[in-house]
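Asker: So I've got this file, entry_29.txt, and it contains compact mmCIF, C-alpha atoms:
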```txt
# COMPACT_ATOMS: atom_id res chain seq x y z
CA MET A 1146 -66.26 9.30 -27.21
CA ALA A 1147 -67.14 5.65 -27.21
CA LYS A 1148 -64.11 4.86 -29.30
CA PHE A 1149 -61.66 6.07 -26.69
CA THR A 1150 -63.21 4.51 -23.62
CA LYS A 1151 -63.48 1.06 -25.09
CA LYS A 1152 -59.83 0.87 -26.19
CA ARG A 1153 -58.69 1.63 -22.68
CA GLY A 1154 -60.96 -0.85 -21.02
CA LYS A 1155 -59.78 -4.12 -22.46
CA SER A 1156 -56.10 -3.92 -23.41
CA LYS A 1157 -53.77 -5.40 -20.77
CA PRO A 1158 -50.21 -4.41 -21.49
CA ALA A 1159 -47.79 -6.89 -20.03
CA ILE A 1160 -44.33 -5.68 -19.12
CA SER A 1161 -41.85 -7.73 -21.00
CA THR A 1162 -39.56 -9.79 -18.88
CA ALA A 1163 -37.21 -10.46 -21.73
CA SER A 1164 -34.60 -8.13 -20.25
CA LEU A 1165 -34.77 -9.58 -16.77
CA PRO A 1166 -31.88 -11.97 -17.45
CA ASP A 1167 -29.82 -9.03 -18.60
CA ILE A 1168 -30.43 -7.22 -15.36
CA ILE A 1169 -29.65 -10.27 -13.31
CA PHE A 1170 -26.44 -10.83 -15.22
CA MET A 1171 -25.53 -7.24 -14.78
CA LEU A 1172 -25.91 -7.52 -11.03
CA LEU A 1173 -23.98 -10.74 -11.07
CA PHE A 1174 -21.09 -9.21 -12.98
CA PHE A 1175 -21.14 -6.21 -10.72
CA PHE A 1176 -20.79 -8.24 -7.59
CA MET A 1177 -18.25 -10.52 -9.18
CA VAL A 1178 -16.05 -7.57 -9.97
CA VAL A 1179 -16.46 -5.72 -6.72
CA THR A 1180 -16.07 -8.60 -4.34
CA VAL A 1181 -12.55 -8.98 -3.11
CA LEU A 1182 -11.93 -12.53 -2.15
CA ARG A 1183 -10.24 -12.40 1.16
CA ASP A 1184 -8.91 -15.76 2.08
CA ALA A 1185 -8.26 -14.87 5.67
CA GLU A 1186 -10.50 -13.51 8.33
CA LEU A 1187 -8.74 -10.80 10.27
CA MET A 1188 -8.24 -11.82 13.85
CA VAL A 1189 -6.12 -8.82 14.75
CA LYS A 1190 -7.07 -5.19 14.57
CA VAL A 1191 -5.15 -3.57 11.76
CA SER A 1192 -5.48 0.09 11.04
CA THR A 1193 -2.58 1.03 8.81
CA PRO A 1194 -0.97 4.47 9.17
CA TYR A 1195 -1.06 7.24 6.61
CA ALA A 1196 1.77 7.89 4.19
CA SER A 1197 2.35 9.71 0.94
CA GLU A 1198 5.14 7.80 -0.82
CA LEU A 1199 3.04 4.86 -1.86
CA THR A 1200 3.54 2.22 -4.47
CA LYS A 1201 0.79 -0.03 -5.62
CA LEU A 1202 1.04 -3.77 -5.30
CA GLU A 1203 0.28 -4.94 -8.78
CA GLU A 1204 -0.14 -8.68 -8.83
CA LYS A 1205 -2.07 -10.20 -5.99
CA SER A 1206 -0.72 -13.68 -6.63
CA LEU A 1207 2.82 -12.48 -5.93
CA VAL A 1208 1.98 -10.99 -2.58
CA ASN A 1209 1.79 -12.64 0.79
CA TYR A 1210 0.28 -10.86 3.74
CA LEU A 1211 1.52 -10.67 7.28
CA TYR A 1212 -0.79 -9.02 9.76
CA ILE A 1213 0.41 -7.57 13.03
CA GLY A 1214 -1.87 -6.04 15.59
CA ARG A 1215 -3.75 -6.57 18.80
CA PRO A 1216 -6.23 -9.45 18.77
CA THR A 1217 -9.80 -8.36 18.24
CA GLN A 1218 -12.33 -8.45 21.07
CA LYS A 1219 -13.42 -11.94 20.14
CA TYR A 1220 -9.99 -13.45 20.66
CA GLN A 1221 -8.80 -11.32 23.55
CA ASN A 1222 -9.78 -13.73 26.28
CA ILE A 1223 -7.71 -16.47 24.67
CA TYR A 1224 -4.79 -14.57 23.19
CA GLY A 1225 -4.63 -11.48 25.37
CA THR A 1226 -4.13 -7.95 24.15
CA LYS A 1227 -0.44 -7.97 23.28
CA PRO A 1228 0.25 -7.38 19.58
CA ARG A 1229 0.44 -10.64 17.67
CA LEU A 1230 1.28 -11.89 14.24
CA GLN A 1231 -1.35 -13.45 12.02
CA LEU A 1232 -0.36 -15.58 9.05
CA GLY A 1233 -3.10 -16.81 6.78
CA ASP A 1234 -6.10 -17.42 9.00
CA LYS A 1235 -4.40 -18.20 12.27
CA PHE A 1236 -2.21 -16.68 14.91
CA ALA A 1237 1.43 -17.50 14.48
CA THR A 1238 4.80 -16.90 15.99
CA ILE A 1239 7.91 -15.50 14.36
CA ALA A 1240 9.22 -19.04 13.89
CA ASP A 1241 6.30 -19.90 11.59
CA ILE A 1242 7.26 -17.30 8.99
CA PRO A 1243 9.71 -19.41 6.92
CA LEU A 1244 7.14 -22.18 6.44
CA PHE A 1245 4.46 -19.66 5.56
CA LEU A 1246 6.70 -18.07 2.92
CA GLU A 1247 7.60 -21.47 1.54
CA LYS A 1248 3.94 -22.47 1.27
CA HIS A 1249 3.23 -19.34 -0.72
CA LYS A 1250 6.30 -19.83 -2.87
CA ILE A 1251 5.27 -23.21 -4.24
CA LYS A 1252 2.13 -21.62 -5.68
CA VAL A 1253 4.23 -19.17 -7.73
CA PRO A 1254 6.12 -20.17 -10.87
CA GLU A 1255 9.80 -20.47 -10.17
CA ALA A 1256 10.83 -17.75 -12.60
CA ARG A 1257 8.85 -15.23 -10.61
CA HIS A 1258 10.10 -16.10 -7.16
CA GLY A 1259 12.21 -12.97 -7.12
CA GLN A 1260 9.16 -10.78 -7.53
CA ILE A 1261 7.33 -12.02 -4.45
CA THR A 1262 6.51 -9.18 -2.10
CA SER A 1263 5.62 -9.49 1.53
CA SER A 1264 2.96 -7.01 2.51
CA LEU A 1265 3.25 -6.06 6.15
CA ARG A 1266 -0.12 -4.90 7.33
CA VAL A 1267 0.72 -3.46 10.68
CA ASP A 1268 -1.46 -1.51 13.05
CA GLY A 1269 -0.21 2.01 13.69
CA GLU A 1270 -0.21 1.60 17.45
CA VAL A 1271 1.98 -1.48 17.51
CA THR A 1272 5.48 -0.94 18.80
CA MET A 1273 8.49 -1.62 16.63
CA GLY A 1274 9.67 -4.58 18.71
CA ILE A 1275 7.52 -7.21 17.04
CA VAL A 1276 7.86 -5.51 13.65
CA THR A 1277 11.64 -5.68 13.94
CA ASP A 1278 11.50 -9.35 14.87
CA VAL A 1279 9.35 -10.05 11.82
CA LYS A 1280 11.68 -8.04 9.60
CA THR A 1281 14.70 -9.91 10.91
CA GLN A 1282 13.00 -13.24 10.26
CA LEU A 1283 12.09 -12.14 6.73
CA ARG A 1284 15.69 -11.19 6.09
CA LYS A 1285 16.87 -14.54 7.40
CA SER A 1286 14.41 -16.26 5.08
CA GLY A 1287 15.67 -14.30 2.10
CA GLN A 1288 12.41 -12.45 1.61
CA LEU A 1289 13.78 -8.97 1.09
CA LYS A 1290 11.01 -7.29 -0.88
CA VAL A 1291 8.69 -5.82 1.69
CA ASN A 1292 5.82 -3.41 1.47
CA TYR A 1293 4.69 -1.50 4.53
CA SER A 1294 1.01 -1.22 3.90
CA ALA A 1295 -0.30 2.30 4.35
CA LYS A 1296 -3.21 4.47 3.42
CA LYS A 1297 -3.08 7.54 1.26
CA ASP A 1298 -3.08 10.58 3.49
CA PRO A 1299 -6.29 12.51 2.78
CA ASN A 1300 -4.73 15.73 4.07
CA ALA A 1301 -1.53 15.42 2.05
CA LYS A 1302 -0.21 18.48 0.32
CA ASN A 1303 0.25 16.91 -3.10
CA MET B 857 -67.34 -6.82 -33.97
CA ALA B 858 -65.40 -4.29 -35.83
CA LYS B 859 -64.63 -2.59 -32.57
CA THR B 860 -62.97 -5.63 -30.95
CA SER B 861 -60.66 -6.12 -33.87
CA THR B 862 -59.27 -2.66 -33.43
CA ARG B 863 -58.66 -3.45 -29.81
CA ASP B 864 -56.71 -6.57 -30.69
CA ARG B 865 -54.50 -4.71 -33.04
CA MET B 866 -53.48 -2.37 -30.22
CA THR B 867 -50.24 -3.94 -29.15
CA ASN B 868 -49.66 -2.27 -25.84
CA GLU B 869 -46.33 -3.84 -24.99
CA ILE B 870 -43.47 -1.68 -23.87
CA ASN B 871 -40.62 -1.98 -26.27
CA ALA B 872 -37.91 -3.88 -24.42
CA GLY B 873 -35.35 -3.61 -27.12
CA SER B 874 -33.52 -0.80 -25.41
CA MET B 875 -33.56 -2.46 -22.00
CA ALA B 876 -30.30 -4.23 -22.73
CA ASP B 877 -28.69 -0.92 -23.62
CA ILE B 878 -29.82 0.57 -20.34
CA ALA B 879 -28.49 -2.46 -18.50
CA PHE B 880 -25.12 -2.15 -20.12
CA LEU B 881 -25.06 1.53 -19.41
CA LEU B 882 -25.60 0.84 -15.73
CA LEU B 883 -23.04 -1.93 -15.76
CA ILE B 884 -20.42 0.33 -17.26
CA PHE B 885 -21.32 3.09 -14.83
CA PHE B 886 -20.76 0.85 -11.84
CA LEU B 887 -17.62 -0.62 -13.32
CA VAL B 888 -16.15 2.82 -13.72
CA THR B 889 -17.19 4.27 -10.39
CA THR B 890 -16.40 1.34 -8.13
CA THR B 891 -12.95 1.49 -6.72
CA ILE B 892 -11.75 -1.88 -5.68
CA VAL B 893 -9.79 -1.77 -2.46
CA GLU B 894 -6.18 -1.48 -3.47
CA ASP B 895 -3.09 -2.52 -1.68
CA LYS B 896 -0.75 0.35 -1.36
CA GLY B 897 2.26 0.90 0.76
CA ILE B 898 5.86 1.90 1.06
CA THR B 899 8.03 -0.61 -0.71
CA VAL B 900 11.29 -1.34 1.00
CA LYS B 901 14.21 -3.51 0.10
CA LEU B 902 15.61 -5.13 3.22
CA PRO B 903 19.31 -5.83 3.42
CA PRO B 904 20.28 -9.49 3.23
CA TRP B 905 20.93 -11.21 6.52
CA SER B 906 24.45 -12.11 7.39
CA GLU B 907 25.69 -13.75 10.52
CA GLU B 908 28.97 -11.90 10.53
CA GLU B 909 29.33 -8.60 12.20
CA PRO B 910 29.29 -5.84 9.63
CA ASP B 911 32.75 -4.44 9.13
CA VAL B 912 32.96 -1.02 10.62
CA THR B 913 33.79 1.48 7.98
CA LYS B 914 34.55 4.84 9.35
CA LEU B 915 32.36 7.38 7.65
CA LYS B 916 32.97 11.03 7.60
CA GLN B 917 30.71 12.72 10.07
CA ARG B 918 29.49 15.18 7.49
CA ASN B 919 28.15 12.45 5.22
CA VAL B 920 25.93 10.85 7.81
CA PHE B 921 22.45 12.12 8.53
CA SER B 922 21.45 10.30 11.65
CA VAL B 923 17.85 10.09 12.70
CA LEU B 924 16.92 8.55 16.02
CA VAL B 925 13.41 7.83 17.17
CA ASN B 926 13.01 6.98 20.82
CA ALA B 927 10.33 5.03 22.64
CA GLN B 928 8.32 8.22 23.19
CA ASP B 929 8.31 8.81 19.41
CA GLN B 930 10.61 11.80 19.80
CA LEU B 931 13.13 12.61 17.14
CA LEU B 932 16.81 13.30 17.39
CA VAL B 933 18.30 14.48 14.12
CA ARG B 934 22.07 14.86 14.00
CA GLY B 935 22.21 15.12 17.76
CA GLU B 936 19.48 17.67 18.31
CA PRO B 937 15.76 17.32 18.85
CA ALA B 938 13.62 17.90 15.78
CA ARG B 939 10.08 17.59 14.54
CA VAL B 940 8.83 15.25 11.84
CA GLU B 941 7.49 18.16 9.82
CA GLU B 942 10.94 19.64 9.25
CA LEU B 943 12.61 16.32 8.53
CA ARG B 944 11.92 16.28 4.82
CA GLU B 945 13.35 19.73 4.20
CA ARG B 946 16.42 19.05 6.32
CA ALA B 947 17.11 15.76 4.60
CA LYS B 948 16.80 17.40 1.20
CA VAL B 949 19.23 20.16 2.11
CA PHE B 950 21.60 17.62 3.58
CA ILE B 951 21.64 15.39 0.50
CA SER B 952 21.81 18.05 -2.18
CA ASN B 953 23.87 20.51 -0.12
CA PRO B 954 23.15 23.50 -2.35
CA TYR B 955 25.42 25.91 -0.47
CA GLN B 956 28.39 23.57 -0.14
CA ASP B 957 28.06 23.55 3.61
CA PRO B 958 31.07 21.76 5.10
CA GLU B 959 28.77 20.11 7.61
CA MET B 960 26.63 18.41 4.99
CA ALA B 961 27.08 15.67 2.42
CA GLU B 962 30.02 16.10 0.05
CA LYS B 963 27.81 14.98 -2.80
CA PRO B 964 24.54 13.07 -3.03
CA THR B 965 26.28 9.78 -3.78
CA LYS B 966 28.17 9.97 -0.51
CA ALA B 967 25.17 10.86 1.62
CA ILE B 968 23.96 8.23 4.03
CA ILE B 969 20.83 8.44 6.07
CA SER B 970 21.02 6.41 9.21
CA LEU B 971 17.76 5.55 10.89
CA LYS B 972 17.61 4.04 14.31
CA ASN B 973 14.59 3.39 16.44
CA ASP B 974 13.72 1.79 19.72
CA ARG B 975 11.74 -1.38 20.16
CA GLY B 976 9.17 0.77 21.93
CA THR B 977 8.76 3.24 19.07
CA SER B 978 5.28 3.12 17.66
CA TYR B 979 4.95 1.80 14.15
CA ASP B 980 3.01 4.89 13.22
CA ALA B 981 5.90 7.18 14.16
CA TYR B 982 8.43 4.94 12.47
CA LEU B 983 6.52 4.89 9.21
CA ARG B 984 5.99 8.63 9.32
CA VAL B 985 9.72 9.21 9.64
CA TYR B 986 10.47 6.66 6.93
CA ASN B 987 7.89 8.28 4.69
CA GLU B 988 9.44 11.72 5.14
CA LEU B 989 12.92 10.44 4.32
CA LYS B 990 11.65 8.66 1.24
CA ALA B 991 9.71 11.76 0.26
CA ALA B 992 12.90 13.82 0.50
CA TYR B 993 14.58 11.53 -1.99
CA SER B 994 11.65 11.38 -4.35
CA GLU B 995 11.43 15.18 -4.35
CA LEU B 996 15.10 15.39 -5.21
CA TRP B 997 14.65 12.86 -8.00
CA ASP B 998 11.74 14.87 -9.25
CA GLU B 999 13.77 18.06 -9.31
CA LEU B 1000 16.68 16.40 -11.08
CA SER B 1001 14.36 14.81 -13.58
CA GLN B 1002 12.69 18.13 -14.30
CA ARG B 1003 16.07 19.74 -14.79
CA ASN B 1004 17.52 17.09 -17.06
CA TYR B 1005 14.54 15.73 -18.96
CA GLY B 1006 11.74 18.20 -18.32
CA VAL B 1007 9.39 15.57 -16.92
CA PRO B 1008 8.60 14.60 -13.35
CA TYR B 1009 10.16 11.45 -12.02
CA SER B 1010 7.86 8.48 -12.37
CA GLU B 1011 7.92 4.74 -12.84
CA ASP B 1012 6.78 5.19 -16.43
CA MET B 1013 9.99 6.94 -17.44
CA PRO B 1014 12.47 5.18 -19.70
CA PHE B 1015 14.60 2.86 -17.64
CA ALA B 1016 17.83 4.58 -18.71
CA TYR B 1017 16.59 7.92 -17.39
CA ARG B 1018 15.57 6.43 -14.10
CA LYS B 1019 18.87 4.65 -13.78
CA ALA B 1020 20.79 7.84 -14.47
CA ILE B 1021 18.83 9.68 -11.82
CA ARG B 1022 19.18 6.90 -9.30
CA GLU B 1023 22.91 6.83 -9.93
CA GLU B 1024 23.28 10.51 -9.33
CA ILE B 1025 21.20 10.46 -6.17
CA PRO B 1026 21.14 6.93 -4.81
CA PHE B 1027 18.70 6.06 -2.05
CA VAL B 1028 20.88 5.04 0.86
CA LEU B 1029 19.03 4.46 4.08
CA SER B 1030 20.74 2.34 6.63
CA GLU B 1031 18.72 0.98 9.48
CA ALA B 1032 20.53 0.10 12.64
CA GLU B 1033 19.51 -2.63 15.02
CA PRO B 1034 16.97 -1.00 17.33
CA THR B 1035 17.68 -0.28 20.94
CA SER B 1036 15.39 -1.83 23.52
CA PHE B 1037 14.70 0.63 26.25
CA GLY B 1038 10.98 1.05 26.02
CA GLU B 1039 9.35 -2.18 24.94
CA GLU B 1040 5.94 -2.71 26.46
```
Could you express the structure from this file as structure tokens?

Answerer:
Amino acid sequence: MAKFTKKRGKSKPAISTASLPDIIFMLLFFFMVVTVLRDAELMVKVSTPYASELTKLEEKSLVNYLYIGRPTQKYQNIYGTKPRLQLGDKFATIADIPLFLEKHKIKVPEARHGQITSSLRVDGEVTMGIVTDVKTQLRKSGQLKVNYSAKKDPNAKN
Amino acid sequence: MAKTSTRDRMTNEINAGSMADIAFLLLIFFLVTTTIVEDKGITVKLPPWSEEEPDVTKLKQRNVFSVLVNAQDQLLVRGEPARVEELRERAKVFISNPYQDPEMAEKPTKAIISLKNDRGTSYDAYLRVYNELKAAYSELWDELSQRNYGVPYSEDMPFAYRKAIREEIPFVLSEAEPTSFGEE
């Protein structure tokens, strides 16, 4: 009897912290992978429509984003509620598109200029007027590869 | 004295050797299950801009499948009201023309889909119509691919196959300058 009780009484097992760095690194890697670096804060409300015929945009560096939608609550007292275009992190007009495309172009190697895609992230409620104006300006600027951003329809048949 | 020495020999540490394995297991689990937000959408090739007026080529009425979307998001297909749900099937029948209907495309290469919208059309409705028309083509490509090669049409197919299919049924969708009756 005495044998058992005494062994228990004095030993103090310490939990090894040798693996703590591993865990921390694991968390670090996890967040590094999951975090999508968004360079622009959305100032317009964009809720893209549903569609089924989707293609994936492969290389992020070859894509430039144009957002069209109504300004969010925060900006409504300055910019009103009419649908607006957002380029990068600021509101823009149609006339700013060529410069925006050019700024993106210089970051891409020249051989790949033909593969640049413009992703139009447009809110479903926006009317086609502004979208058409943007499309026309893109055509004038020679940016013909366009992707209408859409979500996969959860109720789709296939 | 003898008793204390036995106590010292009791090494009560938890073996941490497998901790790294557990950590990696968790890491891999999260890596696999996390879906990073993807950018998906309908890819479109816009026609180049030209200042000149496009030369009017008279097309045969039977080869043109006109789709109009008005500012109230209503559809007019070949002059009669229609619903979005039936658009895909109608476009497919029009392009492939399985019964040699004299009112429909002579052959798929001659078929032209003409899409016209209003400036007041909602983007949602526009994209839905566009999606249906694109779906009609991709279903036809799929069928042709199954018939000729026994595999569904996909981007992973050999380029020659895809080219042959695209030549037999080319995707021709012409978008007219929108009307402006209903802009907000």

Asker: Name the closest residue to chain B among the candidates A:Asp1298, A:Glu1255, A:Asp1278, A:Glu1198; distances are taken between atoms, counting all atoms listed in the file.

Answerer: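 Smallest distance to chain B is found for A:Glu1198.
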
Asker: Please list as JSON, numbers by chain every residue within 10 Å of Asn973 in chain B, counting all atoms listed in the file and excluding residues in the same chain fewer than 5 positions away.

Answerer: {"A": [1273, 1274, 1277], "B": [923, 924, 925, 926, 927, 929, 930, 931, 978, 981, 982, 1031, 1032, 1033, 1034, 1035, 1036]}

Asker: Could you write out as a ChimeraX atom specification the residues of chain B within 6 Å of chain A, counting all atoms listed in the file?

Answerer: /B:863,868-869,883,895-902,904-905,975-980

Asker: Kindly give the distance, in Å, that separates CA of Lys1250 in chain A and CA of Ser1206 in chain A, rounded to a single decimal.

Answerer: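 Here the two named atoms are 10.1 Å from each other.
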
Asker: When you draw a straight line from CA of Gln1002 in chain B to CA of Ile1021 in chain B, how long is it in Å?

Answerer: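 For CA of Gln1002 in chain B relative to CA of Ile1021 in chain B, the distance reads 10.7 Å.
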
Asker: Using all atoms of range 948-963 of chain B listed in the file and a margin of 8 Å per side, can you give the axis-aligned box centre and edge lengths in Å to one decimal, as AutoDock Vina command-line options?

Answerer:
```
--center_x 23.9 --center_y 20.4 --center_z 2.4 --size_x 30.3 --size_y 26.9 --size_z 26.4
```

Asker: Using all atoms listed in the file, which of B:Met1013, B:Ile878, B:Val985, B:Ile884 sits nearest Ala938 in chain B?

Answerer: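 Checking each of B:Met1013, B:Ile878, B:Val985, B:Ile884 against Ala938 in chain B, counting all atoms listed in the file, the winner is B:Val985.
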
Asker: CA of Val1191 in chain A and CA of Leu983 in chain B, how far apart in Å?

Answerer: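 CA of Leu983 in chain B sits 14.6 Å away from CA of Val1191 in chain A.
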
Asker: Give me, as an MDAnalysis selection string, all polymer residues having an atom no more than 10 Å from Glu1024 in chain B, counting all atoms listed in the file and skipping those fewer than 3 positions away in the same chain.

Answerer: chainID B and resid 963:965 997 1000 1018:1021 1027

Asker: Identify, on the basis of all atoms listed in the file, every residue whose closest approach to Met1188 in chain A does not exceed 12 Å; exclude the query and any residue fewer than 3 positions from it along the same chain; express the result as a PyMOL selection string.

Answerer: chain A and resi 1185+1191+1211-1221+1223-1224+1226+1228-1237

Asker: From the coordinates I just gave you, please extract range 1015-1033 of chain B so that only N, CA, C and O atoms remain, then output it as a short mmCIF file (atom, residue, chain, number, x, y, z; two decimals), in the first residue's frame.

Answerer:
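The resulting file, selection.cif, is reproduced below:
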```
data_model
loop_
_atom_site.label_atom_id
_atom_site.label_comp_id
_atom_site.auth_asym_id
_atom_site.auth_seq_id
_atom_site.Cartn_x
_atom_site.Cartn_y
_atom_site.Cartn_z
N PHE B 1015 -6.78 19.57 -77.99
CA PHE B 1015 -7.15 20.83 -78.66
C PHE B 1015 -7.80 20.57 -80.02
O PHE B 1015 -8.75 21.24 -80.40
N ALA B 1016 -7.31 19.54 -80.72
CA ALA B 1016 -7.84 19.25 -82.06
C ALA B 1016 -9.32 18.86 -81.99
O ALA B 1016 -10.11 19.28 -82.83
N TYR B 1017 -9.66 18.10 -80.97
CA TYR B 1017 -11.06 17.70 -80.80
C TYR B 1017 -11.93 18.92 -80.57
O TYR B 1017 -12.98 19.10 -81.17
N ARG B 1018 -11.44 19.76 -79.64
CA ARG B 1018 -12.23 20.94 -79.30
C ARG B 1018 -12.41 21.83 -80.51
O ARG B 1018 -13.47 22.37 -80.76
N LYS B 1019 -11.33 21.93 -81.28
CA LYS B 1019 -11.39 22.79 -82.46
C LYS B 1019 -12.40 22.25 -83.47
O LYS B 1019 -13.19 23.00 -84.04
N ALA B 1020 -12.37 20.93 -83.63
CA ALA B 1020 -13.30 20.31 -84.58
C ALA B 1020 -14.74 20.55 -84.16
O ALA B 1020 -15.60 20.87 -84.99
N ILE B 1021 -14.98 20.44 -82.86
CA ILE B 1021 -16.34 20.66 -82.37
C ILE B 1021 -16.74 22.11 -82.54
O ILE B 1021 -17.84 22.42 -83.01
N ARG B 1022 -15.81 22.99 -82.20
CA ARG B 1022 -16.14 24.42 -82.28
C ARG B 1022 -16.33 24.85 -83.74
O ARG B 1022 -17.01 25.83 -84.00
N GLU B 1023 -15.69 24.12 -84.65
CA GLU B 1023 -15.88 24.47 -86.05
C GLU B 1023 -17.23 24.00 -86.56
O GLU B 1023 -17.85 24.66 -87.40
N GLU B 1024 -17.65 22.88 -86.05
CA GLU B 1024 -18.95 22.36 -86.49
C GLU B 1024 -20.10 23.18 -85.92
O GLU B 1024 -21.08 23.45 -86.60
N ILE B 1025 -19.97 23.54 -84.66
CA ILE B 1025 -20.99 24.38 -84.02
C ILE B 1025 -20.29 25.60 -83.43
O ILE B 1025 -19.92 25.60 -82.26
N PRO B 1026 -20.09 26.63 -84.22
CA PRO B 1026 -19.41 27.80 -83.65
C PRO B 1026 -20.34 28.63 -82.78
O PRO B 1026 -21.54 28.70 -83.03
N PHE B 1027 -19.77 29.22 -81.76
CA PHE B 1027 -20.56 30.06 -80.85
C PHE B 1027 -20.66 31.46 -81.45
O PHE B 1027 -19.69 32.21 -81.45
N VAL B 1028 -21.81 31.76 -82.00
CA VAL B 1028 -22.00 33.08 -82.59
C VAL B 1028 -23.11 33.79 -81.83
O VAL B 1028 -24.27 33.44 -81.94
N LEU B 1029 -22.72 34.76 -81.05
CA LEU B 1029 -23.72 35.54 -80.32
C LEU B 1029 -23.41 37.00 -80.58
O LEU B 1029 -22.35 37.50 -80.22
N SER B 1030 -24.33 37.63 -81.27
CA SER B 1030 -24.08 39.02 -81.60
C SER B 1030 -24.93 39.91 -80.71
O SER B 1030 -26.12 39.69 -80.54
N GLU B 1031 -24.27 40.86 -80.10
CA GLU B 1031 -24.98 41.75 -79.19
C GLU B 1031 -25.15 43.10 -79.85
O GLU B 1031 -24.18 43.74 -80.23
N ALA B 1032 -26.39 43.51 -79.93
CA ALA B 1032 -26.67 44.80 -80.54
C ALA B 1032 -26.54 45.91 -79.51
O ALA B 1032 -26.62 45.66 -78.32
N GLU B 1033 -26.33 47.08 -79.99
CA GLU B 1033 -26.31 48.27 -79.13
C GLU B 1033 -27.65 48.34 -78.39
O GLU B 1033 -28.70 48.24 -79.02
#
```
